[in-house]
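Text of start-v9.txt (compact mmCIF, C-alpha atoms) as supplied:
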```txt
# COMPACT_ATOMS: atom_id res chain seq x y z
CA MET A 1 6.23 -19.60 -9.73
CA ALA A 2 8.59 -18.84 -12.58
CA VAL A 3 6.54 -17.70 -15.50
CA LEU A 4 8.02 -18.41 -18.89
CA ARG A 5 7.56 -15.63 -21.38
CA ASP A 6 8.00 -18.02 -24.28
CA PRO A 7 4.79 -18.01 -26.37
CA ASP A 8 5.29 -21.76 -26.93
CA VAL A 9 4.38 -22.28 -23.28
CA LEU A 10 1.14 -20.38 -23.77
CA PHE A 11 0.12 -22.48 -26.77
CA LYS A 12 1.23 -25.69 -25.11
CA ALA A 13 -0.91 -24.79 -22.12
CA LEU A 14 -3.93 -24.31 -24.37
CA ALA A 15 -3.29 -27.50 -26.34
CA ASP A 16 -4.84 -29.85 -23.82
CA PRO A 17 -8.54 -30.56 -23.19
CA THR A 18 -8.15 -30.84 -19.40
CA ARG A 19 -6.40 -27.50 -19.17
CA ARG A 20 -9.03 -25.90 -21.37
CA LYS A 21 -11.67 -27.38 -19.09
CA LEU A 22 -9.90 -25.85 -16.09
CA LEU A 23 -9.97 -22.47 -17.84
CA ASP A 24 -13.67 -22.99 -18.63
CA LEU A 25 -14.37 -23.76 -14.97
CA LEU A 26 -12.57 -20.60 -13.88
CA HIS A 27 -14.30 -18.61 -16.59
CA ALA A 28 -17.67 -19.77 -15.22
CA HIS A 29 -16.65 -19.06 -11.64
CA ASP A 30 -13.39 -17.43 -10.69
CA GLY A 31 -11.44 -17.77 -7.47
CA ARG A 32 -11.71 -21.54 -6.98
CA THR A 33 -9.64 -23.75 -4.70
CA LEU A 34 -7.85 -26.91 -5.85
CA ASN A 35 -10.46 -29.05 -4.03
CA ASP A 36 -13.27 -27.28 -5.84
CA LEU A 37 -11.60 -27.78 -9.23
CA CYS A 38 -10.86 -31.46 -8.49
CA GLU A 39 -14.56 -32.12 -7.95
CA HIS A 40 -15.22 -31.32 -11.61
CA LEU A 41 -12.47 -33.49 -13.06
CA ASP A 42 -12.06 -37.24 -13.15
CA MET A 43 -8.38 -37.10 -12.28
CA THR A 44 -6.04 -37.37 -9.32
CA ARG A 45 -5.30 -34.31 -7.24
CA GLN A 46 -1.66 -34.50 -8.37
CA GLY A 47 -2.77 -34.53 -12.00
CA VAL A 48 -4.91 -31.44 -11.54
CA THR A 49 -2.05 -29.70 -9.68
CA GLN A 50 0.33 -30.37 -12.59
CA HIS A 51 -2.13 -28.94 -15.10
CA LEU A 52 -2.67 -25.87 -12.90
CA ASN A 53 1.10 -25.39 -12.60
CA LEU A 54 1.46 -25.36 -16.36
CA LEU A 55 -1.41 -22.88 -16.69
CA GLU A 56 0.25 -20.71 -14.07
CA MET A 57 3.59 -20.88 -15.90
CA ALA A 58 1.81 -19.72 -19.05
CA ASN A 59 0.31 -16.88 -16.98
CA LEU A 60 -3.21 -18.05 -17.86
CA VAL A 61 -3.98 -18.69 -14.21
CA ALA A 62 -3.11 -16.33 -11.37
CA THR A 63 -3.26 -17.46 -7.75
CA VAL A 64 -3.99 -15.55 -4.60
CA ARG A 65 -3.46 -16.82 -1.05
CA ARG A 66 -6.33 -16.12 1.28
CA GLY A 67 -5.61 -17.49 4.70
CA ARG A 68 -4.82 -21.18 4.25
CA GLU A 69 -6.54 -21.30 0.88
CA LYS A 70 -4.99 -20.82 -2.53
CA LEU A 71 -7.51 -19.39 -4.96
CA HIS A 72 -7.18 -19.72 -8.73
CA PHE A 73 -8.22 -16.99 -11.15
CA LEU A 74 -8.42 -16.97 -14.93
CA ASN A 75 -5.93 -14.38 -16.19
CA PRO A 76 -7.03 -13.25 -19.66
CA VAL A 77 -4.10 -10.90 -20.36
CA PRO A 78 -2.08 -13.38 -22.54
CA LEU A 79 -5.28 -14.11 -24.51
CA GLN A 80 -5.78 -10.39 -25.03
CA GLU A 81 -2.30 -10.32 -26.54
CA ILE A 82 -3.24 -13.12 -28.96
CA TYR A 83 -6.34 -11.17 -29.84
CA GLU A 84 -4.35 -8.03 -30.53
CA ARG A 85 -1.80 -9.91 -32.60
CA TRP A 86 -4.24 -11.51 -35.02
CA LEU A 87 -7.74 -10.14 -34.56
CA ALA A 88 -7.69 -6.50 -33.48
CA LYS A 89 -7.00 -5.17 -36.97
CA PHE A 90 -10.22 -6.73 -38.26
CA GLU A 91 -12.14 -4.79 -35.66
CA LYS A 92 -10.73 -1.42 -36.71
CA PRO A 93 -13.18 -0.80 -39.61
CA ARG A 94 -16.11 -1.54 -37.30
CA LEU A 95 -14.70 0.84 -34.68
CA LYS A 96 -14.17 3.51 -37.31
CA ALA A 97 -17.76 3.04 -38.53
CA LEU A 98 -19.05 3.45 -34.97
CA GLY A 99 -16.89 6.51 -34.44
CA ASP A 100 -18.12 8.08 -37.67
CA LEU A 101 -21.73 7.30 -36.74
CA LYS A 102 -21.29 8.90 -33.31
CA ARG A 103 -19.76 12.04 -34.79
CA ARG A 104 -22.53 12.34 -37.38
CA LEU A 105 -25.29 11.85 -34.84
CA GLU A 106 -23.75 14.31 -32.42
CA ARG A 107 -23.34 16.88 -35.17
CA THR A 108 -27.00 16.45 -36.11
CA ASN A 109 -28.07 16.91 -32.48
CA GLY A 110 -25.88 19.92 -31.94
CA MET B 1 -18.67 -13.58 2.91
CA ALA B 2 -19.81 -13.23 -0.69
CA ARG B 3 -17.19 -11.50 -2.72
CA SER B 4 -16.38 -10.80 -6.37
CA THR B 5 -12.79 -10.56 -7.47
CA PHE B 6 -10.73 -10.55 -10.59
CA VAL B 7 -6.96 -10.88 -10.79
CA TYR B 8 -4.95 -9.81 -13.80
CA VAL B 9 -1.25 -10.43 -14.14
CA THR B 10 1.20 -9.32 -16.76
CA TYR B 11 4.99 -9.25 -17.15
CA ILE B 12 6.49 -6.09 -18.58
CA ARG B 13 10.10 -5.49 -19.57
CA THR B 14 10.60 -2.27 -17.64
CA THR B 15 11.61 -1.11 -14.17
CA PRO B 16 9.32 -0.98 -11.10
CA GLU B 17 9.88 2.80 -10.93
CA LYS B 18 8.76 3.41 -14.52
CA LEU B 19 5.74 1.18 -14.08
CA TRP B 20 4.78 2.92 -10.83
CA SER B 21 5.00 6.28 -12.54
CA ALA B 22 2.93 5.01 -15.50
CA LEU B 23 0.22 3.88 -13.07
CA THR B 24 0.20 7.06 -10.99
CA ASP B 25 1.66 10.50 -11.68
CA ASP B 26 2.60 10.37 -15.37
CA VAL B 27 -0.72 11.73 -16.63
CA GLY B 28 0.36 12.17 -20.26
CA PHE B 29 1.61 8.59 -20.41
CA MET B 30 -1.51 7.25 -18.72
CA LYS B 31 -3.78 8.90 -21.28
CA GLN B 32 -1.90 7.13 -24.08
CA TYR B 33 -2.57 3.62 -22.79
CA TRP B 34 -5.90 4.27 -21.03
CA PHE B 35 -7.79 5.58 -24.06
CA GLY B 36 -7.61 9.20 -22.94
CA VAL B 37 -8.56 8.52 -19.32
CA HIS B 38 -6.32 9.64 -16.47
CA CYS B 39 -6.39 9.48 -12.69
CA GLU B 40 -5.79 12.36 -10.34
CA SER B 41 -4.37 11.98 -6.84
CA GLU B 42 -1.37 12.89 -4.73
CA TRP B 43 -0.78 9.12 -4.49
CA LYS B 44 -0.27 9.02 -0.73
CA ALA B 45 -2.31 7.07 1.82
CA GLY B 46 -5.41 9.02 2.81
CA CYS B 47 -5.41 11.23 -0.30
CA SER B 48 -8.43 11.43 -2.56
CA TRP B 49 -8.37 9.73 -5.96
CA LYS B 50 -10.50 10.23 -9.05
CA MET B 51 -10.70 8.94 -12.58
CA VAL B 52 -11.18 11.61 -15.22
CA GLN B 53 -12.62 10.84 -18.67
CA PRO B 54 -11.40 12.57 -21.86
CA ASP B 55 -14.38 14.98 -21.64
CA GLY B 56 -13.41 15.95 -18.06
CA SER B 57 -16.25 14.06 -16.37
CA ILE B 58 -15.49 11.93 -13.31
CA THR B 59 -16.74 8.35 -13.44
CA ASP B 60 -14.97 6.83 -10.45
CA ALA B 61 -13.59 8.26 -7.24
CA GLY B 62 -12.27 7.19 -3.86
CA GLU B 63 -9.18 7.30 -1.68
CA ILE B 64 -5.67 5.90 -1.61
CA VAL B 65 -5.62 3.27 1.14
CA GLU B 66 -1.95 2.29 0.81
CA ALA B 67 0.86 3.71 -1.29
CA ASP B 68 4.28 2.08 -1.08
CA PRO B 69 6.14 3.18 -4.22
CA PRO B 70 7.19 1.41 -6.37
CA LYS B 71 5.65 -1.77 -4.96
CA ARG B 72 2.09 -1.55 -3.77
CA LEU B 73 -0.90 0.71 -4.33
CA VAL B 74 -4.38 0.14 -2.88
CA ILE B 75 -7.29 2.31 -3.98
CA ARG B 76 -10.77 2.41 -2.41
CA TRP B 77 -12.77 2.72 -5.59
CA ARG B 78 -16.40 3.77 -6.03
CA HIS B 79 -18.22 4.23 -9.28
CA GLU B 80 -19.95 7.63 -9.43
CA LYS B 81 -21.87 7.78 -12.70
CA LYS B 82 -24.23 4.86 -13.30
CA PRO B 83 -26.73 4.56 -10.40
CA GLU B 84 -26.75 0.73 -10.35
CA LEU B 85 -22.94 0.60 -10.07
CA LYS B 86 -22.76 3.48 -7.60
CA ALA B 87 -25.26 1.63 -5.37
CA GLU B 88 -22.77 -1.22 -4.97
CA GLY B 89 -20.50 1.07 -2.94
CA ASP B 90 -16.79 0.66 -2.27
CA SER B 91 -14.50 -1.77 -4.03
CA LEU B 92 -10.77 -2.25 -3.48
CA CYS B 93 -8.23 -2.17 -6.29
CA THR B 94 -4.77 -3.46 -5.38
CA MET B 95 -1.82 -3.06 -7.71
CA GLU B 96 1.37 -4.95 -6.90
CA ILE B 97 4.67 -4.55 -8.67
CA GLU B 98 7.64 -6.89 -8.24
CA ARG B 99 10.78 -7.69 -10.15
CA SER B 100 10.75 -11.02 -11.95
CA GLY B 101 14.02 -11.72 -13.74
CA ALA B 102 14.54 -9.10 -16.45
CA ALA B 103 10.91 -8.06 -16.25
CA VAL B 104 8.46 -6.67 -13.74
CA ARG B 105 5.35 -8.52 -12.65
CA LEU B 106 2.24 -6.38 -12.36
CA SER B 107 -0.81 -7.83 -10.69
CA ILE B 108 -4.09 -6.00 -10.42
CA THR B 109 -6.72 -7.37 -8.07
CA HIS B 110 -10.13 -5.75 -7.89
CA THR B 111 -12.53 -6.92 -5.17
CA ILE B 112 -15.94 -5.99 -3.85
CA GLU B 113 -17.73 -7.62 -0.92
CA ARG B 114 -20.77 -8.78 -2.85
CA GLU B 115 -21.66 -11.36 -5.45
CA PRO B 116 -22.56 -10.93 -8.20
CA SER B 117 -21.22 -7.44 -8.82
CA GLN B 118 -21.99 -5.30 -11.84
CA LEU B 119 -19.06 -3.08 -10.95
CA ILE B 120 -16.60 -5.98 -11.10
CA THR B 121 -18.14 -7.16 -14.38
CA ALA B 122 -17.80 -3.64 -15.79
CA VAL B 123 -14.19 -3.07 -14.76
CA SER B 124 -13.08 -6.61 -15.65
CA GLY B 125 -13.88 -5.96 -19.31
CA GLY B 126 -11.68 -2.90 -19.49
CA TRP B 127 -8.56 -3.92 -17.62
CA PRO B 128 -7.08 -6.49 -20.07
CA LYS B 129 -7.07 -3.93 -22.89
CA ILE B 130 -5.59 -1.24 -20.67
CA ILE B 131 -2.88 -3.54 -19.27
CA SER B 132 -2.04 -4.85 -22.71
CA ASN B 133 -1.68 -1.30 -24.05
CA LEU B 134 0.40 -0.30 -21.04
CA LYS B 135 2.76 -3.24 -21.63
CA SER B 136 3.13 -2.44 -25.30
CA LEU B 137 3.72 1.25 -24.64
CA LEU B 138 6.38 0.60 -21.98
CA GLU B 139 8.15 -2.06 -24.04
CA THR B 140 7.95 -0.64 -27.55
CA GLY B 141 7.00 3.00 -27.13
CA SER B 142 3.69 2.65 -28.94
CA ALA B 143 0.23 1.57 -27.85
CA VAL B 144 -1.37 -1.41 -29.57
CA LEU B 145 -4.91 -0.10 -29.54
CA ARG B 146 -5.42 3.59 -30.02
CA ASP B 147 -9.16 3.42 -30.57
CA PRO B 148 -11.23 3.03 -27.45
CA TYR B 149 -13.58 0.10 -27.72
CA PRO B 150 -17.30 0.78 -27.68
CA SER B 151 -17.68 -0.22 -24.04
CA ASN B 152 -21.43 -0.34 -23.51
```
Using the file provided, produce a representation of the structure as C-alpha cells.
Amino acid sequence: MAVLRDPDVLFKALADPTRRKLLDLLHAHDGRTLNDLCEHLDMTRQGVTQHLNLLEMANLVATVRRGREKLHFLNPVPLQEIYERWLAKFEKPRLKALGDLKRRLERTNG
Amino acid sequence: MARSTFVYVTYIRTTPEKLWSALTDDVGFMKQYWFGVHCESEWKAGCSWKMVQPDGSITDAGEIVEADPPKRLVIRWRHEKKPELKAEGDSLCTMEIERSGAAVRLSITHTIEREPSQLITAVSGGWPKIISNLKSLLETGSAVLRDPYPSN
C-alpha cells in the first residue's frame, strides 16, 4: 500500500468516528482480522475495508500476513510524532525535575 | 497458539544502507537516538547480541537469527534483568527495511509466544520514542528527544 507522507492524510484519517473506533478496537486488542473488526461495527465489509485502507495509508495501521490471514496492528509512530511536535516540550520541566531529584537522592546515598 | 505482537512502521528519508548501519554497527549514532543505549553484536546469523545500558549493565541479550543487510534482521531477544520478564523467555524482534519511493520503510515486529506478555508491554512503550528519534536524527541530524523518559 502506498503510504502518503502528507500530514493531511493523518488528520483526515483521525477525523472520522468509525476510524477512531477501529483504532480503539486495535488499541484494546492488536492483531485483528477484518472479520473480527467487522463484528464490532454496524457496517458492510466493504465499508470497513475502505476505512482500514485509509488508516493504512496514514500509517496508523500496519498489516502483517500470517498464512491466509491479514492481521491489523495499531501503529502509534505517527501519533508519537504529533506528541513530539506539540506536547513533548511541556514534559521537559517535569523530566528535568525528576532528573534533578534522582541526582540529589543519589548524591545523598553516596 | 497464544501470542503477543506489536508492529511499528515508519518512513524515513534515508537509504537502506544508512538505516541498517544506524540499527546495527554505528554505536555512536545508536546512542544518540536510543537514549544512551547501544547494542553489541557482530550482526551475523548465529552471533550473540546484547543491549548495553549507559551504565554498562546488560538488560537484554540473545542471538542474531537472520541478518540480510540492508534488508532484514531477526534477533532472538531475552530480557535479563527483571525476573518476571526474564521468566517469559525468548521473544523475536524482526526489523525489515525496504525502499518506498524517496524514503525507506522500516517495520519492527516484536513477538513472543504467550499472551499476555509483560515483555511485549515493556518494549512496546519504548519503541515509538526510539523510532521517532531515529527518524529525526537521520532526516535532520538532530534527535527530537534527548532526555530519556522515566520508564518505570
Next on the checklist: Using all atoms listed in the file, which protein or nucleic acid residues come within 10 Å of Ile131 in chain B? Drop anything in the same chain fewer than 4 positions from it, and give the result as a PyMOL selection string.
Outcome noted: (chain A and resi 77+80-81) or (chain B and resi 8-12+33-34+106-108+126-127+135-137)
Atoms to include: C-alpha atoms. Write the selected residues as an mmCIF file, keeping the file's coordinate frame.
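Result file follows (result.cif):
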```cif
data_model
loop_
_atom_site.group_PDB
_atom_site.id
_atom_site.type_symbol
_atom_site.label_atom_id
_atom_site.label_comp_id
_atom_site.auth_asym_id
_atom_site.auth_seq_id
_atom_site.Cartn_x
_atom_site.Cartn_y
_atom_site.Cartn_z
ATOM 1 C CA VAL A 77 -4.100 -10.900 -20.360
ATOM 2 C CA GLN A 80 -5.780 -10.390 -25.030
ATOM 3 C CA GLU A 81 -2.300 -10.320 -26.540
ATOM 4 C CA TYR B 8 -4.950 -9.810 -13.800
ATOM 5 C CA VAL B 9 -1.250 -10.430 -14.140
ATOM 6 C CA THR B 10 1.200 -9.320 -16.760
ATOM 7 C CA TYR B 11 4.990 -9.250 -17.150
ATOM 8 C CA ILE B 12 6.490 -6.090 -18.580
ATOM 9 C CA TYR B 33 -2.570 3.620 -22.790
ATOM 10 C CA TRP B 34 -5.900 4.270 -21.030
ATOM 11 C CA LEU B 106 2.240 -6.380 -12.360
ATOM 12 C CA SER B 107 -0.810 -7.830 -10.690
ATOM 13 C CA ILE B 108 -4.090 -6.000 -10.420
ATOM 14 C CA GLY B 126 -11.680 -2.900 -19.490
ATOM 15 C CA TRP B 127 -8.560 -3.920 -17.620
ATOM 16 C CA LYS B 135 2.760 -3.240 -21.630
ATOM 17 C CA SER B 136 3.130 -2.440 -25.300
ATOM 18 C CA LEU B 137 3.720 1.250 -24.640
#
```
Next on the checklist: Should the cut-off be 12 Å, what would the residue list for chain B against chain A look like, counting all atoms listed in the file, as JSON, numbers by chain?
Outcome noted: {"B": [2, 3, 4, 5, 6, 7, 8, 9, 10, 11, 12, 13, 99, 100, 101, 102, 103, 104, 105, 106, 107, 108, 109, 110, 111, 115, 116, 120, 121, 124, 125, 126, 127, 128, 129, 130, 131, 132, 133, 134, 135, 136, 143, 144, 145, 146, 147, 148, 149, 150, 151]}
Checklist outcome for this item: The residue from A:Arg107, A:Lys70, A:Arg20, A:Lys102 with the smallest atom-to-atom distance to Leu54 in chain A, counting all atoms listed in the file, is A:Arg20
Range 110-124 of chain B: axis-aligned bounding box, 6 Å on each side, centre and edge lengths in Å, one decimal, as JSON:
```
{"center_x": -16.3, "center_y": -7.2, "center_z": -8.4, "size_x": 24.4, "size_y": 20.3, "size_z": 26.9}
```
Next on the checklist: Quick check, in Å to one decimal: how far apart do CA of Cys93 in chain B and CA of Gly36 in chain B lie?
Outcome noted: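 Answer for the CA of Cys93 in chain B to CA of Gly36 in chain B separation: 20.2 Å.
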Next on the checklist: Let me make sure I understand: among B:Asp26, B:Glu139, B:Asp60, B:Glu66, which one has the smallest atom-to-atom distance to Leu85 in chain B if we use only C-alpha atoms?
Outcome noted: B:Asp60
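The gap separating CA of Gly141 in chain B from CA of Ser57 in chain B is 27.9 Å, in Å to one decimal.
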Item to check | Neighbour list for Gly47 in chain A as a PyMOL selection string, cut-off 12 Å, only C-alpha atoms, skip fewer than 3 positions in-chain | outcome: chain A and resi 18-19+22+34+37-38+41-44+50-54
Restricted to C-alpha atoms, what would the selected residues look like written as a PDB file, in the frame of the given file?
```pdb
ATOM      1  CA  THR A  18      -8.150 -30.840 -19.400  1.00  0.00           C
ATOM      2  CA  ARG A  19      -6.400 -27.500 -19.170  1.00  0.00           C
ATOM      3  CA  LEU A  22      -9.900 -25.850 -16.090  1.00  0.00           C
ATOM      4  CA  LEU A  34      -7.850 -26.910  -5.850  1.00  0.00           C
ATOM      5  CA  LEU A  37     -11.600 -27.780  -9.230  1.00  0.00           C
ATOM      6  CA  CYS A  38     -10.860 -31.460  -8.490  1.00  0.00           C
ATOM      7  CA  LEU A  41     -12.470 -33.490 -13.060  1.00  0.00           C
ATOM      8  CA  ASP A  42     -12.060 -37.240 -13.150  1.00  0.00           C
ATOM      9  CA  MET A  43      -8.380 -37.100 -12.280  1.00  0.00           C
ATOM     10  CA  THR A  44      -6.040 -37.370  -9.320  1.00  0.00           C
ATOM     11  CA  GLN A  50       0.330 -30.370 -12.590  1.00  0.00           C
ATOM     12  CA  HIS A  51      -2.130 -28.940 -15.100  1.00  0.00           C
ATOM     13  CA  LEU A  52      -2.670 -25.870 -12.900  1.00  0.00           C
ATOM     14  CA  ASN A  53       1.100 -25.390 -12.600  1.00  0.00           C
ATOM     15  CA  LEU A  54       1.460 -25.360 -16.360  1.00  0.00           C
TER      16      LEU A  54
END
```
Checklist outcome for this item: Pairwise distance, CA of Leu23 in chain B with CA of Gly67 in chain A, equals 28.4 Å
Next on the checklist: Show me the residues close to (-12.3, -0.2, -2.8) - anything with an atom within 10 Å, counting only C-alpha atoms - and format the list as an NGL selection string.
Outcome noted: :B and (61-65 or 74-79 or 89-94 or 110-113)
Using only C-alpha atoms, please write the residues we just selected to a file, as a PDB file, in the coordinates of the input.
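File written: out.pdb
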```
ATOM      1  CA  ALA B  61     -13.590   8.260  -7.240  1.00  0.00           C
ATOM      2  CA  GLY B  62     -12.270   7.190  -3.860  1.00  0.00           C
ATOM      3  CA  GLU B  63      -9.180   7.300  -1.680  1.00  0.00           C
ATOM      4  CA  ILE B  64      -5.670   5.900  -1.610  1.00  0.00           C
ATOM      5  CA  VAL B  65      -5.620   3.270   1.140  1.00  0.00           C
ATOM      6  CA  VAL B  74      -4.380   0.140  -2.880  1.00  0.00           C
ATOM      7  CA  ILE B  75      -7.290   2.310  -3.980  1.00  0.00           C
ATOM      8  CA  ARG B  76     -10.770   2.410  -2.410  1.00  0.00           C
ATOM      9  CA  TRP B  77     -12.770   2.720  -5.590  1.00  0.00           C
ATOM     10  CA  ARG B  78     -16.400   3.770  -6.030  1.00  0.00           C
ATOM     11  CA  HIS B  79     -18.220   4.230  -9.280  1.00  0.00           C
ATOM     12  CA  GLY B  89     -20.500   1.070  -2.940  1.00  0.00           C
ATOM     13  CA  ASP B  90     -16.790   0.660  -2.270  1.00  0.00           C
ATOM     14  CA  SER B  91     -14.500  -1.770  -4.030  1.00  0.00           C
ATOM     15  CA  LEU B  92     -10.770  -2.250  -3.480  1.00  0.00           C
ATOM     16  CA  CYS B  93      -8.230  -2.170  -6.290  1.00  0.00           C
ATOM     17  CA  THR B  94      -4.770  -3.460  -5.380  1.00  0.00           C
ATOM     18  CA  HIS B 110     -10.130  -5.750  -7.890  1.00  0.00           C
ATOM     19  CA  THR B 111     -12.530  -6.920  -5.170  1.00  0.00           C
ATOM     20  CA  ILE B 112     -15.940  -5.990  -3.850  1.00  0.00           C
ATOM     21  CA  GLU B 113     -17.730  -7.620  -0.920  1.00  0.00           C
TER      22      GLU B 113
END
```
Checklist entry - Once you count all atoms listed in the file, which residues end up no further than 12 Å from (7.7, 10.0, -19.5) in the file's frame, shown as an MDAnalysis selection string? => result chainID B and resid 17:32 137:138 141
